[in-house]
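Worksheet: the structure to be examined is printed underneath.
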Amino acid sequence: MLTQDVTQELERVFQELTNQGKEPTVALVRARLSSPIPMPAIIASLKRWKSTKKVPRVEIAQASEEQTVETLQKQIDALTLRVEQLERQLNKS
């Protein structure tokens, strides 16, 4: 499974907030991230950073392109089905 190291991004966000005079919180950190990071990873990193001013190495699973395409296709199929059902309901009215 492919992984992505997001440690530097978290360090950047923590430092950016600190430089702005703000106390990093989960919400503030999450809002400034450029890539999605799972909430438990943000929480654990933030706890560690608050106690030691160091961010632990954080790696997140990265889906392959094939998995991403498959997931998106399933979402498209489900949404298409919902639109068709809604159109049928509107046409009956």
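Here's how to read the names in the structure tokens: chain A, B, ... by the order shown, residue numbers from 1 in each chain, ligand numbers from 1 in the order shown.
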(request) Show which residues sit within 12 Å of A:Glu23, as a PyMOL selection string. Count only C-alpha atoms, and ignore same-chain residues fewer than 4 positions away. (result) chain A and resi 13-19+27-29+46+49-50
(request) Could you tell me how far atom CA of A:Gln8 lies from atom CA of A:Ile42, in Å and to one decimal? (result) 12.6 Å
(request) Would you mind telling me which residue in A:Lys22, A:Arg30, A:Arg48, A:Arg57 lies nearest to A:Val6 when using only C-alpha atoms? (result)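 Closest residue, counting only C-alpha atoms: A:Arg57.
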(request) Step one, run DSSP on the backbone; step two, keep only residues of chain A assigned to strand (DSSP E or B); then write them as a PyMOL selection string. (result) chain A and resi 2-5+59-62
